[in-house]
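Asks: Handing you this structure, nothing more for now.
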Amino acid sequence: TVSDSIPAFVNCTTIDWFTEWPKDALLEVAERYLEKIDLDPSISEVAKKDALMKSCASMFVTSHQSVVENSKKMFLEMKRHNYVTPTNYLELVTGYISML
């Protein structure tokens, strides 16, 4: 077979199994992570805390979707892939939380 005669063919192959998460899923994940922490201890009103959490989660979604769109643009212009995966999104959210 081809894989027996050219082992590098198999070793250097990448299978793209990642699909984009819909906006609602991205937002839900960010909100679930953010609800576990107190973003601003100086705010005592629940409604204001909730609004801050939703704004922050929305920022994560916008940032992630922007990277996805610019990666597509980069591929069209430069023929170079930049894979943006759900793991990257989770690292964005958890990285932000760890910096707090």
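Chain lettering (A, B, ...) mirrors the order of the structure tokens, residue numbering begins at 1 for each chain separately, and ligand numbering begins at 1 in order of display.
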Within 12 Å of Trp21 in chain A, counting only C-alpha atoms, which residues show up once you throw out same-chain ones fewer than 6 positions away? Write them as a list in words, please.
Replies: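 In the requested format, the answer is Leu27, Glu28, Val29, Val61, His64, Gln65, Val68, Val84, Thr85, Pro86, Thr87, Asn88, Tyr89 and Leu90 of chain A.
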Asks: Find the spatial neighbours of Met59 in chain A, counting only C-alpha atoms, within a cut-off of 12 Å - ignore same-chain residues fewer than 2 positions away - and output them as a PyMOL selection string.
Replies: chain A and resi 23+26-27+30-31+52-57+61-66+89+92-93+96
Asks: Using DSSP secondary structure from the backbone, list all helix (DSSP H, G or I) positions within range 2-98 of chain A, as JSON, numbers by chain.
Replies: {"A": [2, 3, 4, 5, 7, 8, 9, 10, 11, 23, 24, 25, 26, 27, 28, 29, 30, 31, 32, 33, 34, 46, 47, 48, 49, 50, 51, 52, 53, 54, 55, 56, 57, 58, 59, 60, 61, 62, 63, 64, 65, 66, 67, 68, 69, 70, 71, 72, 73, 74, 75, 76, 77, 78, 86, 87, 88, 89, 90, 91, 92, 93, 94, 95, 96, 97, 98]}
